[in-house]
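Below you'll find the structure, written out as C-alpha cells, and then a few comments.
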There are 2 protein chains.
Amino acid sequence: MQRDTVQRRAIRKVFKDLGRPLSPAEILQTARAQVPNLGIATVYRSVKGLTEEGWLVPIDVPGEAQRYELSGKDHHHHFSCRQCGRIFDFDGCPKDLAKLVPQGFLMEDHEVFLYGRCADCRKDR
Amino acid sequence: MQRDTVQRRAIRKVFKDLGRPLSPAEILQTARAQVPNLGIATVYRSVKGLTEEGWLVPIDVPGEAQRYELSGKDHHHHFSCRQCGRIFDFDGCPKDLAKLVPQGFLMEDHEVFLYGRCADCRKDR
DNA sequence: CGCTTAATGATAACGTATTTTCGATATGGC
DNA sequence: GCCATATCGAAAATACGTTATCATTAAGCG
C-alpha cells in the first residue's frame, strides 16, 4: 500500500514549486524547509516510487548526478547554468538534426544540452 | 620526466586506430592486444597525463562513464549506439540553437547527442 | 481510539569508477 | 652496460551516489 505521508507530500510540492529537474540532494535540501529532519533515504525511496508510478522521469545530464523531473511535459531539452549549477527546461528543439546523422546510421532519439548563465546569475555580476 | 613506455605507446595507438571516444575500460581491453598484462591503473595514469598535456580531451556522455578522445578535431558531436554501446563522432551541428535559449539566459556552449543504431549494428539483424 | 504495518531516519553496506600504495621493472642519460 | 628513478601491475584504498538494515514512528482502516 502507498501511504500519503508528510515527507512525500513535501517532495511532490518541491517539484511542483520549482518546476525544473532536481537531483536527490537538491530535493533533500529544498524539502527540509517543510520537513526539517527529512532523510536522504526517504528522498531516494520516494523518487523511486514516484518514478515507478510515472509521476517523475529520470534525466541524465552529462557529467552530473541523476536528476528527475515531472513527467508529461511537452518535448523539451535542458539548459545548465555553470554558475549556480541549476538545470532549466527550454521548449522546442533543433529542426535539422536528421541531416547530421552519419551515413548508414539510424537515429532513434536525440538530446540537446545548452550551457551558460541563467537569468538570475547573469544579473548577479 | 615523461618516459616513452610501451604501455603509453599502445594507448596512444589505440586512440589513433579507433578514432572515437573511449572509456578507460575500452582502452584497457583494446590496448591489451599489444600489451597483454596492461593494468587499469596505468590506463588511468596515462589518460590523466595525456589529458594534461592536451593530447586527449574528456567527453561526458549522459548516463555513462567518462570517455576521452583525441584533441584538435573540428567542432563535432556524438552518436551513441544503443546496441554495441560505442560512441561515434559526427560533424556539424544544428544551426538554430540560439533561438531556443530562454529569455534572459546566456548560452556559452552546447552539446548534442544522437542515439540509435550504428551502421555495423544495423546490418547484424 | 487502537492496531497493523508501511514508512521513516540514521547509519551501515554496497557498487562502481578512480586513485593510491608499494615492491618490481624498465627507460633513458651517462 | 650501469644506475637513478619514472613507470608499471596488482591490490588496497578512496570517493560518492545509491540501497539495505533495523528500531522507531505514524498513516489509515475498523
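Just remember, in the C-alpha cells the first chain shown is A, the second B, etc., residues are 1-based per chain, and ligands are 1-based in the order shown.
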
Exercise for the section: Just list the residues in region 4-122 of chain A DSSP gives strand (DSSP E) on the backbone, as a count of residues only. Expected result: 31

Handout entry: Surrounding residues of Arg12 (chain A) excluding itself and chain neighbours under 2 positions, 10 Å, only C-alpha atoms (C1' of nucleotides), as a VMD selection string
Key = chain A and resid 6 to 10 14 to 17 27 31 46 to 47 50 55 to 56 70

C-alpha atoms of the current selection, written as a tab-separated table (two decimals), in the first residue's frame:
```
chain	number	residue	atom	x	y	z
A	6	VAL	CA	4.15	14.45	5.03
A	7	GLN	CA	7.53	13.56	3.52
A	8	ARG	CA	6.10	12.52	0.17
A	9	ARG	CA	3.77	15.49	0.10
A	10	ALA	CA	6.75	17.78	0.69
A	14	VAL	CA	9.11	20.75	-4.23
A	15	PHE	CA	8.81	19.51	-7.80
A	16	LYS	CA	5.62	21.45	-8.43
A	17	ASP	CA	7.05	24.64	-6.90
A	27	ILE	CA	15.25	17.63	-3.28
A	31	ALA	CA	12.13	19.77	1.13
A	46	SER	CA	10.08	8.49	-2.75
A	47	VAL	CA	11.78	9.34	-6.02
A	50	LEU	CA	7.19	8.41	-7.97
A	55	TRP	CA	4.89	10.88	-11.86
A	56	LEU	CA	8.61	11.59	-12.33
A	70	LEU	CA	7.74	15.96	-13.58
```

Chain fit, chain B moved to chain A over all Cα pairs in order, as a short mmCIF file (atom, residue, chain, number, x, y, z; two decimals) with C-alpha atoms, in the first residue's frame:
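Saved to selection_9.cif:
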```cif
data_model
loop_
_atom_site.label_atom_id
_atom_site.label_comp_id
_atom_site.auth_asym_id
_atom_site.auth_seq_id
_atom_site.Cartn_x
_atom_site.Cartn_y
_atom_site.Cartn_z
CA MET B 1 -0.01 -0.15 -0.15
CA GLN B 2 1.12 3.42 -0.85
CA ARG B 3 0.68 5.75 2.10
CA ASP B 4 0.37 9.49 1.73
CA THR B 5 2.97 10.79 4.19
CA VAL B 6 4.09 14.31 4.98
CA GLN B 7 7.48 13.46 3.50
CA ARG B 8 6.08 12.40 0.12
CA ARG B 9 3.74 15.37 0.03
CA ALA B 10 6.69 17.68 0.67
CA ILE B 11 8.74 16.04 -2.10
CA ARG B 12 5.91 16.32 -4.60
CA LYS B 13 5.41 19.93 -3.63
CA VAL B 14 9.08 20.69 -4.24
CA PHE B 15 8.81 19.47 -7.82
CA LYS B 16 5.61 21.40 -8.46
CA ASP B 17 7.01 24.58 -6.91
CA LEU B 18 10.41 24.61 -8.59
CA GLY B 19 9.41 23.20 -11.97
CA ARG B 20 12.90 22.13 -13.00
CA PRO B 21 14.95 18.91 -12.88
CA LEU B 22 16.23 18.17 -9.38
CA SER B 23 18.88 15.88 -7.97
CA PRO B 24 18.21 13.91 -4.77
CA ALA B 25 20.47 16.33 -2.90
CA GLU B 26 18.50 19.32 -4.19
CA ILE B 27 15.23 17.64 -3.27
CA LEU B 28 16.48 16.94 0.24
CA GLN B 29 17.71 20.48 0.78
CA THR B 30 14.52 22.09 -0.49
CA ALA B 31 12.05 19.71 1.11
CA ARG B 32 13.67 20.20 4.52
CA ALA B 33 12.00 23.61 4.63
CA GLN B 34 8.79 21.61 5.14
CA VAL B 35 10.15 18.55 6.91
CA PRO B 36 13.28 19.59 8.83
CA ASN B 37 14.72 16.17 9.56
CA LEU B 38 13.87 14.50 6.29
CA GLY B 39 16.38 11.78 5.49
CA ILE B 40 18.16 11.19 2.20
CA ALA B 41 16.99 7.56 2.17
CA THR B 42 13.40 8.74 2.15
CA VAL B 43 14.18 11.02 -0.79
CA TYR B 44 15.61 8.09 -2.75
CA ARG B 45 12.72 5.82 -1.80
CA SER B 46 10.14 8.44 -2.78
CA VAL B 47 11.85 9.32 -6.04
CA LYS B 48 12.03 5.63 -6.93
CA GLY B 49 8.34 5.19 -6.20
CA LEU B 50 7.29 8.35 -8.02
CA THR B 51 9.35 7.28 -11.03
CA GLU B 52 7.86 3.79 -11.07
CA GLU B 53 4.35 5.19 -11.00
CA GLY B 54 5.26 7.57 -13.84
CA TRP B 55 4.97 10.82 -11.92
CA LEU B 56 8.68 11.59 -12.37
CA VAL B 57 11.11 10.84 -15.18
CA PRO B 58 14.90 10.51 -14.82
CA ILE B 59 17.12 13.03 -16.58
CA ASP B 60 20.77 12.29 -17.36
CA VAL B 61 22.94 15.37 -17.55
CA PRO B 62 26.48 14.84 -18.86
CA GLY B 63 28.96 14.64 -16.03
CA GLU B 64 26.41 15.22 -13.29
CA ALA B 65 24.34 13.25 -10.82
CA GLN B 66 21.01 11.83 -11.88
CA ARG B 67 18.14 14.28 -11.81
CA TYR B 68 14.38 13.87 -12.02
CA GLU B 69 11.57 16.03 -13.31
CA LEU B 70 7.80 15.98 -13.59
CA SER B 71 6.61 13.73 -16.38
CA GLY B 72 4.13 14.72 -19.02
CA LYS B 73 5.84 17.88 -20.22
CA ASP B 74 5.99 18.74 -23.89
CA HIS B 75 9.14 17.85 -25.79
CA HIS B 76 11.97 19.99 -24.44
CA HIS B 77 15.66 20.04 -23.55
CA HIS B 78 17.84 21.43 -20.77
CA PHE B 79 19.99 24.41 -20.00
CA SER B 80 22.71 24.07 -17.39
CA CYS B 81 23.89 27.19 -15.56
CA ARG B 82 27.62 27.03 -14.97
CA GLN B 83 27.42 29.46 -12.06
CA CYS B 84 24.58 28.19 -9.89
CA GLY B 85 24.56 24.62 -11.20
CA ARG B 86 20.79 24.59 -11.70
CA ILE B 87 19.19 22.93 -14.71
CA PHE B 88 16.34 24.64 -16.57
CA ASP B 89 13.95 23.46 -19.24
CA PHE B 90 13.59 25.13 -22.60
CA ASP B 91 11.01 24.38 -25.25
CA GLY B 92 11.59 23.34 -28.81
CA CYS B 93 14.53 21.65 -30.40
CA PRO B 94 16.73 21.92 -33.51
CA LYS B 95 14.95 21.10 -36.76
CA ASP B 96 17.90 19.91 -38.81
CA LEU B 97 19.13 16.98 -36.73
CA ALA B 98 18.30 14.34 -39.31
CA LYS B 99 20.91 15.56 -41.75
CA LEU B 100 23.64 15.10 -39.15
CA VAL B 101 23.12 11.35 -38.73
CA PRO B 102 26.02 9.34 -40.18
CA GLN B 103 25.37 7.31 -43.31
CA GLY B 104 23.75 3.96 -42.50
CA PHE B 105 22.93 4.88 -38.92
CA LEU B 106 19.40 4.96 -37.50
CA MET B 107 18.51 7.85 -35.22
CA GLU B 108 15.85 6.96 -32.67
CA ASP B 109 16.26 9.83 -30.24
CA HIS B 110 18.24 12.95 -29.46
CA GLU B 111 19.32 15.16 -26.59
CA VAL B 112 20.45 18.78 -26.60
CA PHE B 113 22.18 20.50 -23.69
CA LEU B 114 22.94 24.20 -23.56
CA TYR B 115 25.48 25.61 -21.14
CA GLY B 116 25.96 29.16 -19.89
CA ARG B 117 24.49 31.58 -17.39
CA CYS B 118 20.87 31.67 -16.30
CA ALA B 119 19.01 34.97 -16.06
CA ASP B 120 19.53 35.22 -12.29
CA CYS B 121 23.27 34.59 -12.40
CA ARG B 122 23.73 36.97 -15.29
CA LYS B 123 22.36 39.80 -13.16
CA ASP B 124 24.49 39.09 -10.10
CA ARG B 125 27.76 40.37 -11.54
#
```

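In this model, the gap between C1' of DA23 (chain D) and C1' of DA7 (chain C) comes to 12.8 Å.
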
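Residues in contact range of DT14 (chain D), defined as at most 9 Å between only C-alpha atoms (C1' of nucleotides), with sequence neighbours fewer than 6 positions away removed, read DT18, DT19 and DT20 of chain C.
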
Expected file: the selected residues, C-alpha atoms (C1' of nucleotides), as a JSON list (two decimals), in the first residue's frame:
```json
[["chain", "number", "residue", "atom", "x", "y", "z"],
["C", 18, "DT", "C1'", 39.06, 6.26, -9.91],
["C", 19, "DT", "C1'", 43.35, 6.90, -7.13],
["C", 20, "DT", "C1'", 46.98, 5.45, -4.15]]
```

Practice task
Return the neighbours of chain B among the residues of chain C, cut-off 12 Å, counting only C-alpha atoms (C1' of nucleotides), as a VMD selection string.
Solution key: chain C and resid 16 to 21 25 to 29

Just-selected residues, C-alpha atoms (C1' of nucleotides) written as a JSON list (two decimals), in the first residue's frame:
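So result04.json came out as:
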```json
[["chain", "number", "residue", "atom", "x", "y", "z"],
["C", 16, "DT", "C1'", 31.40, 1.23, -9.46],
["C", 17, "DA", "C1'", 34.76, 4.35, -11.14],
["C", 18, "DT", "C1'", 39.06, 6.26, -9.91],
["C", 19, "DT", "C1'", 43.35, 6.90, -7.13],
["C", 20, "DT", "C1'", 46.98, 5.45, -4.15],
["C", 21, "DT", "C1'", 50.40, 2.28, -2.35],
["C", 25, "DT", "C1'", 60.62, -3.45, -13.63],
["C", 26, "DA", "C1'", 62.37, -0.96, -17.49],
["C", 27, "DT", "C1'", 63.56, 3.70, -19.54],
["C", 28, "DG", "C1'", 66.97, 6.83, -20.85],
["C", 29, "DG", "C1'", 71.08, 9.59, -19.62]]
```

Problem - Nearest-residue call for DT24 (chain D), choices C:DA13, C:DG23, C:DC30, C:DT8, using only C-alpha atoms (C1' of nucleotides) - result: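 Distance minimum relative to DT24 (chain D) lands on C:DT8.
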
Handout entry: Separation of C1' of DA12 (chain C) from C1' of DA12 (chain D) in Å
Key =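 According to the coordinates, C1' of DA12 (chain D) and C1' of DA12 (chain C) are separated by 20.5 Å.
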
Exercise for the section: May I have all residues of region 10-101 of chain B that DSSP, computed from the backbone, assigns to helix (DSSP H, G or I), given as a PyMOL selection string? Expected result: chain B and resi 10-18+24-31+40-52+98-100

Keeping only N, CA, C and O atoms, write the selected residues to a file as a short mmCIF file (atom, residue, chain, number, x, y, z; two decimals), in the first residue's frame.
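Saved the output as again16.cif:
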```
data_model
loop_
_atom_site.label_atom_id
_atom_site.label_comp_id
_atom_site.auth_asym_id
_atom_site.auth_seq_id
_atom_site.Cartn_x
_atom_site.Cartn_y
_atom_site.Cartn_z
N ALA B 10 51.16 2.07 -26.70
CA ALA B 10 49.99 1.25 -27.05
C ALA B 10 48.70 2.03 -26.87
O ALA B 10 47.79 1.96 -27.70
N ILE B 11 48.62 2.81 -25.79
CA ILE B 11 47.40 3.58 -25.52
C ILE B 11 47.21 4.67 -26.57
O ILE B 11 46.10 4.88 -27.08
N ARG B 12 48.29 5.32 -26.94
CA ARG B 12 48.17 6.34 -27.99
C ARG B 12 47.74 5.71 -29.30
O ARG B 12 46.91 6.25 -30.03
N LYS B 13 48.30 4.55 -29.57
CA LYS B 13 47.96 3.86 -30.82
C LYS B 13 46.48 3.49 -30.86
O LYS B 13 45.82 3.61 -31.90
N VAL B 14 45.95 3.07 -29.74
CA VAL B 14 44.53 2.70 -29.68
C VAL B 14 43.65 3.88 -30.09
O VAL B 14 42.71 3.73 -30.87
N PHE B 15 43.97 5.05 -29.59
CA PHE B 15 43.18 6.23 -29.95
C PHE B 15 43.31 6.57 -31.42
O PHE B 15 42.33 6.89 -32.09
N LYS B 16 44.53 6.46 -31.94
CA LYS B 16 44.73 6.79 -33.35
C LYS B 16 44.06 5.76 -34.26
O LYS B 16 43.51 6.10 -35.30
N ASP B 17 44.09 4.50 -33.85
CA ASP B 17 43.49 3.45 -34.67
C ASP B 17 41.97 3.51 -34.67
O ASP B 17 41.33 3.37 -35.71
N LEU B 18 41.37 3.70 -33.50
CA LEU B 18 39.92 3.60 -33.41
C LEU B 18 39.22 4.91 -33.75
O LEU B 18 38.10 4.91 -34.26
N PRO B 24 38.05 4.33 -20.15
CA PRO B 24 39.22 3.61 -19.65
C PRO B 24 39.09 2.10 -19.83
O PRO B 24 40.08 1.44 -20.21
N ALA B 25 37.90 1.55 -19.64
CA ALA B 25 37.72 0.11 -19.81
C ALA B 25 37.93 -0.30 -21.27
O ALA B 25 38.54 -1.33 -21.55
N GLU B 26 37.43 0.51 -22.19
CA GLU B 26 37.63 0.21 -23.61
C GLU B 26 39.10 0.31 -23.99
O GLU B 26 39.61 -0.50 -24.77
N ILE B 27 39.78 1.31 -23.46
CA ILE B 27 41.20 1.48 -23.72
C ILE B 27 41.96 0.26 -23.24
O ILE B 27 42.79 -0.33 -23.96
N LEU B 28 41.67 -0.16 -22.01
CA LEU B 28 42.34 -1.33 -21.44
C LEU B 28 42.16 -2.55 -22.31
O LEU B 28 43.12 -3.22 -22.70
N GLN B 29 40.91 -2.82 -22.64
CA GLN B 29 40.59 -4.01 -23.43
C GLN B 29 41.30 -4.01 -24.78
O GLN B 29 41.88 -5.01 -25.20
N THR B 30 41.28 -2.87 -25.44
CA THR B 30 41.88 -2.79 -26.78
C THR B 30 43.40 -2.80 -26.72
O THR B 30 44.06 -3.49 -27.51
N ALA B 31 43.97 -2.08 -25.76
CA ALA B 31 45.43 -1.97 -25.70
C ALA B 31 46.08 -3.27 -25.26
O ALA B 31 47.27 -3.50 -25.50
N ILE B 40 44.84 -1.52 -15.29
CA ILE B 40 43.88 -0.41 -15.38
C ILE B 40 44.46 0.88 -14.79
O ILE B 40 44.17 1.98 -15.25
N ALA B 41 45.31 0.73 -13.77
CA ALA B 41 45.90 1.91 -13.13
C ALA B 41 46.78 2.65 -14.13
O ALA B 41 46.78 3.89 -14.17
N THR B 42 47.48 1.90 -14.96
CA THR B 42 48.33 2.52 -15.97
C THR B 42 47.48 3.26 -17.00
O THR B 42 47.85 4.34 -17.46
N VAL B 43 46.33 2.68 -17.34
CA VAL B 43 45.42 3.36 -18.26
C VAL B 43 45.00 4.70 -17.67
O VAL B 43 45.08 5.74 -18.34
N TYR B 44 44.58 4.70 -16.42
CA TYR B 44 44.14 5.95 -15.79
C TYR B 44 45.29 6.94 -15.70
O TYR B 44 45.12 8.13 -15.96
N ARG B 45 46.46 6.46 -15.32
CA ARG B 45 47.61 7.37 -15.22
C ARG B 45 47.95 7.96 -16.58
O ARG B 45 48.21 9.17 -16.71
N SER B 46 47.92 7.15 -17.62
CA SER B 46 48.28 7.63 -18.95
C SER B 46 47.25 8.62 -19.47
O SER B 46 47.59 9.66 -20.04
N VAL B 47 45.98 8.27 -19.28
CA VAL B 47 44.91 9.15 -19.74
C VAL B 47 44.99 10.50 -19.04
O VAL B 47 44.83 11.54 -19.67
N LYS B 48 45.29 10.46 -17.76
CA LYS B 48 45.43 11.71 -17.00
C LYS B 48 46.56 12.55 -17.58
O LYS B 48 46.40 13.75 -17.82
N GLY B 49 47.70 11.90 -17.81
CA GLY B 49 48.84 12.61 -18.36
C GLY B 49 48.56 13.15 -19.76
O GLY B 49 48.85 14.31 -20.05
N LEU B 50 47.97 12.33 -20.60
CA LEU B 50 47.70 12.74 -21.98
C LEU B 50 46.66 13.86 -22.02
O LEU B 50 46.66 14.69 -22.94
N THR B 51 45.77 13.88 -21.04
CA THR B 51 44.78 14.96 -20.97
C THR B 51 45.44 16.25 -20.50
O THR B 51 45.18 17.33 -21.06
N GLU B 52 46.32 16.12 -19.51
CA GLU B 52 47.00 17.32 -19.00
C GLU B 52 47.89 17.97 -20.06
O GLU B 52 48.02 19.18 -20.11
N ALA B 98 20.36 29.08 -31.18
CA ALA B 98 20.26 30.37 -30.48
C ALA B 98 18.81 30.73 -30.16
O ALA B 98 18.52 31.28 -29.09
N LYS B 99 17.90 30.38 -31.05
CA LYS B 99 16.51 30.75 -30.82
C LYS B 99 15.84 29.93 -29.73
O LYS B 99 14.73 30.22 -29.32
N LEU B 100 16.52 28.89 -29.26
CA LEU B 100 15.94 28.05 -28.22
C LEU B 100 16.26 28.54 -26.81
O LEU B 100 15.64 28.14 -25.84
#
```

Report as an mmCIF file with N, CA, C and O atoms (P, O5', C5', C4', C3', O3' and C1' of nucleotides), in the first residue's frame the set of chain D residues whose atoms approach chain B to within 8 Å, with distances computed over only C-alpha atoms (C1' of nucleotides).
```cif
data_model
loop_
_atom_site.group_PDB
_atom_site.id
_atom_site.type_symbol
_atom_site.label_atom_id
_atom_site.label_comp_id
_atom_site.auth_asym_id
_atom_site.auth_seq_id
_atom_site.Cartn_x
_atom_site.Cartn_y
_atom_site.Cartn_z
ATOM 1 P P DA D 6 61.813 10.395 -10.777
ATOM 2 O "O5'" DA D 6 60.848 10.260 -12.026
ATOM 3 C "C5'" DA D 6 61.395 10.282 -13.335
ATOM 4 C "C4'" DA D 6 60.683 9.279 -14.228
ATOM 5 C "C3'" DA D 6 59.158 9.292 -14.125
ATOM 6 O "O3'" DA D 6 58.653 9.106 -15.437
ATOM 7 C "C1'" DA D 6 59.960 7.136 -13.538
ATOM 8 P P DT D 7 57.085 8.993 -15.702
ATOM 9 O "O5'" DT D 7 56.832 7.425 -15.610
ATOM 10 C "C5'" DT D 7 57.423 6.572 -16.580
ATOM 11 C "C4'" DT D 7 56.983 5.141 -16.357
ATOM 12 C "C3'" DT D 7 55.475 4.949 -16.208
ATOM 13 O "O3'" DT D 7 55.052 4.049 -17.218
ATOM 14 C "C1'" DT D 7 56.671 3.759 -14.541
ATOM 15 P P DC D 8 53.583 3.577 -17.365
ATOM 16 O "O5'" DC D 8 53.649 2.151 -16.670
ATOM 17 C "C5'" DC D 8 54.571 1.194 -17.169
ATOM 18 C "C4'" DC D 8 54.525 -0.053 -16.326
ATOM 19 C "C3'" DC D 8 53.115 -0.554 -16.056
ATOM 20 O "O3'" DC D 8 52.901 -1.760 -16.763
ATOM 21 C "C1'" DC D 8 54.457 -0.484 -14.044
ATOM 22 P P DG D 9 51.419 -2.327 -16.842
ATOM 23 O "O5'" DG D 9 51.338 -3.222 -15.539
ATOM 24 C "C5'" DG D 9 52.175 -4.354 -15.410
ATOM 25 C "C4'" DG D 9 51.773 -5.128 -14.177
ATOM 26 C "C3'" DG D 9 50.295 -5.482 -14.085
ATOM 27 O "O3'" DG D 9 50.197 -6.797 -13.535
ATOM 28 C "C1'" DG D 9 50.888 -4.090 -12.247
#
```

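Separating C1' of DC3 (chain C) from C1' of DC29 (chain D) is a distance of 9.4 Å.
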